[in-house]
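Visitor: The following file, upload.pdb, comprises PDB, C-alpha atoms and all ligand atoms:
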```pdb
ATOM      1  CA  MET A  26     -23.143  61.456  19.185  1.00  0.00           C
ATOM      2  CA  GLU A  27     -26.108  60.394  21.314  1.00  0.00           C
ATOM      3  CA  CYS A  28     -28.790  58.677  19.272  1.00  0.00           C
ATOM      4  CA  ILE A  29     -32.185  58.201  20.888  1.00  0.00           C
ATOM      5  CA  PHE A  30     -33.099  55.238  18.652  1.00  0.00           C
ATOM      6  CA  CYS A  31     -29.745  53.517  19.354  1.00  0.00           C
ATOM      7  CA  ASN A  32     -30.556  54.006  23.041  1.00  0.00           C
ATOM      8  CA  ILE A  33     -33.986  52.412  22.505  1.00  0.00           C
ATOM      9  CA  VAL A  34     -32.344  49.520  20.593  1.00  0.00           C
ATOM     10  CA  GLU A  35     -29.927  49.050  23.515  1.00  0.00           C
ATOM     11  CA  LYS A  36     -32.775  49.326  26.067  1.00  0.00           C
ATOM     12  CA  LYS A  37     -31.154  52.356  27.710  1.00  0.00           C
ATOM     13  CA  VAL A  38     -34.338  54.302  26.915  1.00  0.00           C
ATOM     14  CA  LYS A  39     -37.814  52.812  27.294  1.00  0.00           C
ATOM     15  CA  ALA A  40     -40.253  52.515  24.414  1.00  0.00           C
ATOM     16  CA  ASP A  41     -43.609  50.840  23.911  1.00  0.00           C
ATOM     17  CA  MET A  42     -42.169  47.919  21.952  1.00  0.00           C
ATOM     18  CA  VAL A  43     -44.445  45.928  19.640  1.00  0.00           C
ATOM     19  CA  LEU A  44     -42.030  43.551  17.884  1.00  0.00           C
ATOM     20  CA  GLU A  45     -38.360  42.678  18.204  1.00  0.00           C
ATOM     21  CA  ARG A  46     -36.338  40.682  15.705  1.00  0.00           C
ATOM     22  CA  GLU A  47     -32.646  40.034  15.140  1.00  0.00           C
ATOM     23  CA  LYS A  48     -32.102  43.067  12.898  1.00  0.00           C
ATOM     24  CA  PHE A  49     -35.109  45.288  13.663  1.00  0.00           C
ATOM     25  CA  ILE A  50     -37.362  46.613  16.382  1.00  0.00           C
ATOM     26  CA  ALA A  51     -40.808  48.232  16.186  1.00  0.00           C
ATOM     27  CA  PHE A  52     -42.310  50.510  18.817  1.00  0.00           C
ATOM     28  CA  ARG A  53     -45.115  53.057  19.169  1.00  0.00           C
ATOM     29  CA  ASP A  54     -44.374  56.631  18.154  1.00  0.00           C
ATOM     30  CA  ILE A  55     -44.428  58.867  21.221  1.00  0.00           C
ATOM     31  CA  HIS A  56     -46.497  61.497  19.325  1.00  0.00           C
ATOM     32  CA  PRO A  57     -48.860  59.406  17.170  1.00  0.00           C
ATOM     33  CA  LYS A  58     -50.095  61.059  13.975  1.00  0.00           C
ATOM     34  CA  ALA A  59     -52.512  58.233  13.102  1.00  0.00           C
ATOM     35  CA  PRO A  60     -54.740  55.832  15.113  1.00  0.00           C
ATOM     36  CA  VAL A  61     -51.823  53.379  14.961  1.00  0.00           C
ATOM     37  CA  HIS A  62     -48.394  54.953  14.517  1.00  0.00           C
ATOM     38  CA  LEU A  63     -45.420  52.611  14.755  1.00  0.00           C
ATOM     39  CA  LEU A  64     -41.761  53.030  13.916  1.00  0.00           C
ATOM     40  CA  ALA A  65     -39.804  50.170  12.347  1.00  0.00           C
ATOM     41  CA  VAL A  66     -36.117  50.679  13.089  1.00  0.00           C
ATOM     42  CA  PRO A  67     -33.011  48.722  12.060  1.00  0.00           C
ATOM     43  CA  ARG A  68     -30.741  47.952  15.000  1.00  0.00           C
ATOM     44  CA  LYS A  69     -27.864  49.133  12.784  1.00  0.00           C
ATOM     45  CA  HIS A  70     -27.364  52.897  12.952  1.00  0.00           C
ATOM     46  CA  ILE A  71     -27.664  54.527   9.544  1.00  0.00           C
ATOM     47  CA  ASP A  72     -28.326  58.283   9.582  1.00  0.00           C
ATOM     48  CA  SER A  73     -30.843  58.422   6.733  1.00  0.00           C
ATOM     49  CA  VAL A  74     -31.731  57.165   3.256  1.00  0.00           C
ATOM     50  CA  ASP A  75     -29.155  59.674   1.999  1.00  0.00           C
ATOM     51  CA  HIS A  76     -26.496  57.728   3.912  1.00  0.00           C
ATOM     52  CA  LEU A  77     -27.397  54.275   2.539  1.00  0.00           C
ATOM     53  CA  GLN A  78     -24.599  52.289   0.903  1.00  0.00           C
ATOM     54  CA  GLY A  79     -24.952  49.515  -1.631  1.00  0.00           C
ATOM     55  CA  GLU A  80     -24.288  46.992   1.134  1.00  0.00           C
ATOM     56  CA  ASP A  81     -27.497  48.176   2.885  1.00  0.00           C
ATOM     57  CA  ALA A  82     -29.786  47.118   0.006  1.00  0.00           C
ATOM     58  CA  GLY A  83     -30.617  43.775   1.597  1.00  0.00           C
ATOM     59  CA  LEU A  84     -31.291  45.350   4.976  1.00  0.00           C
ATOM     60  CA  MET A  85     -33.760  47.831   3.486  1.00  0.00           C
ATOM     61  CA  GLY A  86     -35.576  45.018   1.683  1.00  0.00           C
ATOM     62  CA  GLU A  87     -35.773  43.137   4.962  1.00  0.00           C
ATOM     63  CA  LEU A  88     -37.106  46.296   6.635  1.00  0.00           C
ATOM     64  CA  LEU A  89     -40.135  46.162   4.327  1.00  0.00           C
ATOM     65  CA  LEU A  90     -40.701  42.505   5.169  1.00  0.00           C
ATOM     66  CA  PHE A  91     -40.390  43.366   8.862  1.00  0.00           C
ATOM     67  CA  ALA A  92     -42.979  46.154   8.430  1.00  0.00           C
ATOM     68  CA  LYS A  93     -45.329  43.642   6.822  1.00  0.00           C
ATOM     69  CA  GLU A  94     -44.862  41.310   9.782  1.00  0.00           C
ATOM     70  CA  VAL A  95     -45.521  44.151  12.241  1.00  0.00           C
ATOM     71  CA  ALA A  96     -48.690  45.136  10.357  1.00  0.00           C
ATOM     72  CA  ARG A  97     -49.944  41.549  10.424  1.00  0.00           C
ATOM     73  CA  GLU A  98     -49.197  41.183  14.151  1.00  0.00           C
ATOM     74  CA  GLN A  99     -51.087  44.422  14.846  1.00  0.00           C
ATOM     75  CA  ASN A 100     -54.013  43.315  12.643  1.00  0.00           C
ATOM     76  CA  LEU A 101     -53.692  46.360  10.405  1.00  0.00           C
ATOM     77  CA  GLU A 102     -55.948  45.908   7.392  1.00  0.00           C
ATOM     78  CA  GLY A 103     -54.310  48.765   5.546  1.00  0.00           C
ATOM     79  CA  TYR A 104     -51.468  51.108   6.306  1.00  0.00           C
ATOM     80  CA  LYS A 105     -49.069  53.658   4.910  1.00  0.00           C
ATOM     81  CA  LEU A 106     -45.288  53.449   5.042  1.00  0.00           C
ATOM     82  CA  GLN A 107     -43.268  56.647   5.157  1.00  0.00           C
ATOM     83  CA  ILE A 108     -39.598  57.529   5.385  1.00  0.00           C
ATOM     84  CA  ASN A 109     -38.648  61.159   5.952  1.00  0.00           C
ATOM     85  CA  VAL A 110     -35.230  62.159   4.622  1.00  0.00           C
ATOM     86  CA  GLY A 111     -33.290  65.174   5.850  1.00  0.00           C
ATOM     87  CA  ARG A 112     -34.537  68.176   7.816  1.00  0.00           C
ATOM     88  CA  LYS A 113     -36.345  69.582   4.789  1.00  0.00           C
ATOM     89  CA  GLY A 114     -37.974  66.181   4.339  1.00  0.00           C
ATOM     90  CA  GLY A 115     -39.284  66.285   7.911  1.00  0.00           C
ATOM     91  CA  GLN A 116     -36.678  63.972   9.448  1.00  0.00           C
ATOM     92  CA  VAL A 117     -35.910  64.868  13.065  1.00  0.00           C
ATOM     93  CA  ILE A 118     -34.281  61.641  14.313  1.00  0.00           C
ATOM     94  CA  ASP A 119     -31.072  60.814  12.465  1.00  0.00           C
ATOM     95  CA  HIS A 120     -31.410  57.026  12.683  1.00  0.00           C
ATOM     96  CA  ILE A 121     -33.167  55.580   9.659  1.00  0.00           C
ATOM     97  CA  HIS A 122     -36.747  54.485  10.365  1.00  0.00           C
ATOM     98  CA  LEU A 123     -39.952  53.580   8.620  1.00  0.00           C
ATOM     99  CA  HIS A 124     -43.241  55.044   9.847  1.00  0.00           C
ATOM    100  CA  ILE A 125     -46.106  52.538   9.819  1.00  0.00           C
ATOM    101  CA  LEU A 126     -49.395  54.444   9.866  1.00  0.00           C
ATOM    102  CA  GLY A 127     -52.566  52.453  10.361  1.00  0.00           C
ATOM    103  CA  GLY A 128     -56.245  53.313  10.561  1.00  0.00           C
ATOM    104  CA  ASN A 129     -58.777  54.364   7.965  1.00  0.00           C
ATOM    105  CA  ALA A 130     -57.461  56.054   4.832  1.00  0.00           C
ATOM    106  CA  GLU A 131     -59.001  59.425   5.750  1.00  0.00           C
ATOM    107  CA  GLU A 132     -57.238  59.348   9.152  1.00  0.00           C
ATOM    108  CA  ILE A 133     -53.759  58.534   7.849  1.00  0.00           C
TER     109      ILE A 133
HETATM  110  P1  LIG B 201     -38.957  61.624  11.775  1.00  0.00           P
HETATM  111  O1  LIG B 201     -39.611  62.990  11.793  1.00  0.00           O
HETATM  112  O2  LIG B 201     -37.488  61.687  12.117  1.00  0.00           O
HETATM  113  O3  LIG B 201     -39.230  60.865  10.503  1.00  0.00           O
HETATM  114  O4  LIG B 201     -39.707  60.799  12.872  1.00  0.00           O
HETATM  115  C1  LIG B 201     -39.268  60.695  14.186  1.00  0.00           C
HETATM  116  C2  LIG B 201     -40.433  60.203  14.999  1.00  0.00           C
HETATM  117  O5  LIG B 201     -39.934  59.716  16.216  1.00  0.00           O
HETATM  118  C3  LIG B 201     -41.463  61.286  15.326  1.00  0.00           C
HETATM  119  O6  LIG B 201     -42.737  60.898  14.821  1.00  0.00           O
HETATM  120  C4  LIG B 201     -41.430  61.370  16.840  1.00  0.00           C
HETATM  121  O7  LIG B 201     -42.716  61.545  17.413  1.00  0.00           O
HETATM  122  C5  LIG B 201     -40.816  60.039  17.243  1.00  0.00           C
HETATM  123  N1  LIG B 201     -40.017  60.075  18.455  1.00  0.00           N
HETATM  124  C6  LIG B 201     -39.073  60.999  18.772  1.00  0.00           C
HETATM  125  N2  LIG B 201     -38.493  60.704  19.943  1.00  0.00           N
HETATM  126  C7  LIG B 201     -39.087  59.564  20.377  1.00  0.00           C
HETATM  127  C8  LIG B 201     -38.904  58.761  21.550  1.00  0.00           C
HETATM  128  O8  LIG B 201     -38.074  59.032  22.418  1.00  0.00           O
HETATM  129  N3  LIG B 201     -39.688  57.659  21.651  1.00  0.00           N
HETATM  130  C9  LIG B 201     -40.616  57.320  20.716  1.00  0.00           C
HETATM  131  N4  LIG B 201     -41.345  56.216  20.931  1.00  0.00           N
HETATM  132  N5  LIG B 201     -40.805  58.051  19.595  1.00  0.00           N
HETATM  133  C10 LIG B 201     -40.047  59.164  19.435  1.00  0.00           C
HETATM  134 ZN    ZN B 202     -28.789  55.382  16.091  1.00  0.00          ZN
END
```
Mind turning this structure into structure tokens?

Guide:
Amino acid sequence: MECIFCNIVEKKVKADMVLEREKFIAFRDIHPKAPVHLLAVPRKHIDSVDHLQGEDAGLMGELLLFAKEVAREQNLEGYKLQINVGRKGGQVIDHIHLHILGGNAEEI
């Protein structure tokens, strides 16, 4: 199955990258829903939170630390973190990702 985020990880598809680390990448959402809308994505393909295994616990903890690093690099004073799960939860890309939404509280 083609996965757009795997293709971005592998640089087969371009994205406006903001930070790249060994296990994660962060890039700008193509349809921003906040003044700053970034996606923090593990390089490892996992479909969704519903597909997490016990062995992924460490990775998901590291994802939060990565999001914190991204927010600091982007000088975000405050932000929201969101993970959509499943179609009914608003998930459209089946590669686990964390939305980082920055701006003023009333805009995010
Ligand atoms: P989801 O609804 O799955 O939680 O979020 C997927 C997000 O990925 C959406 O906000 C959508 O705008 C973004 N997105 C979808 N395709 C692309 C793409 O090819 N490039 C980038 N940068 N963002 C994308
Ligand atoms: Zn993928």

Visitor: Counting all atoms listed in the file, which residues of chain A fall within 7 Å of ligand LIG 201 (chain B), and what is the closest atom pair for each with its distance in Å at one decimal, ordered by chain and rising number, as a tab-separated table?

Guide:
```
residue	atom	partner	partner_atom	distance
A:Ile29	CA	B:LIG201	O8	6.1
A:Ala40	CA	B:LIG201	N4	5.2
A:Asp41	CA	B:LIG201	N4	6.6
A:Phe52	CA	B:LIG201	N4	6.2
A:Arg53	CA	B:LIG201	N4	5.2
A:Asp54	CA	B:LIG201	N5	4.1
A:Ile55	CA	B:LIG201	N5	4.1
A:His56	CA	B:LIG201	O7	4.2
A:Pro57	CA	B:LIG201	O7	6.5
A:Ile108	CA	B:LIG201	O3	6.1
A:Asn109	CA	B:LIG201	O3	4.6
A:Gly115	CA	B:LIG201	O1	5.1
A:Gln116	CA	B:LIG201	O2	3.6
A:Val117	CA	B:LIG201	O2	3.7
A:Ile118	CA	B:LIG201	O2	3.9
A:Asp119	CA	B:LIG201	O2	6.5
A:His122	CA	B:LIG201	O3	6.8
```

Visitor: Name the residues, by chain letter and number, that sit within 12 Å of ligand ZN 202 (chain B) using all atoms listed in the file, and give them as a ChimeraX atom specification.

Guide: /A:26-35,66-73,118-122

Visitor: Give as an MDAnalysis selection string the residues that the PyMOL selection byres (((chain A and resi 133) around 12) and not hetatm) matches when applied to the coordinates above.

Guide: chainID A and resid 57:62 103:107 124:132

Visitor: Figure out the distance between CA of Val110 in chain A and CA of Lys48 in chain A, please, to one decimal in Å.

Guide: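 Rounded to one decimal, the two atoms are 21.0 Å apart.
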
Visitor: For Ala65 in chain A, which residue out of A:Leu89, A:Lys39, A:Leu77, A:Arg112 is the nearest one, using all atoms listed in the file?

Guide: A:Leu89

Visitor: Between CA of Ile50 in chain A and CA of Arg97 in chain A, measure the distance and give it in Å to one decimal.

Guide: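 Separation of CA of Ile50 in chain A and CA of Arg97 in chain A: 14.8 Å.
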
Visitor: Around all listed atoms of range 108-115 of chain A, padded 3 Å per side, what centre and edge lengths does the axis-aligned box have in Å to one decimal, as lines of an AutoDock Vina configuration file?

Guide:
```
center_x = -36.4
center_y = 63.6
center_z = 6.1
size_x = 12.3
size_y = 18.1
size_z = 9.6
```

Visitor: Which polymer residues have any atom within 8 Å of an atom of range 90-96 of chain A, counting all atoms listed in the file, with same-chain residues fewer than 2 positions away left out, as a PyMOL selection string?

Guide: chain A and resi 43-44+49+51+65+86-88+98-102+104+125

Visitor: Do you have the CA of Lys113 in chain A-CA of Gln78 in chain A distance handy?

Guide: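 Rounded to one decimal, the two atoms are 21.3 Å apart.
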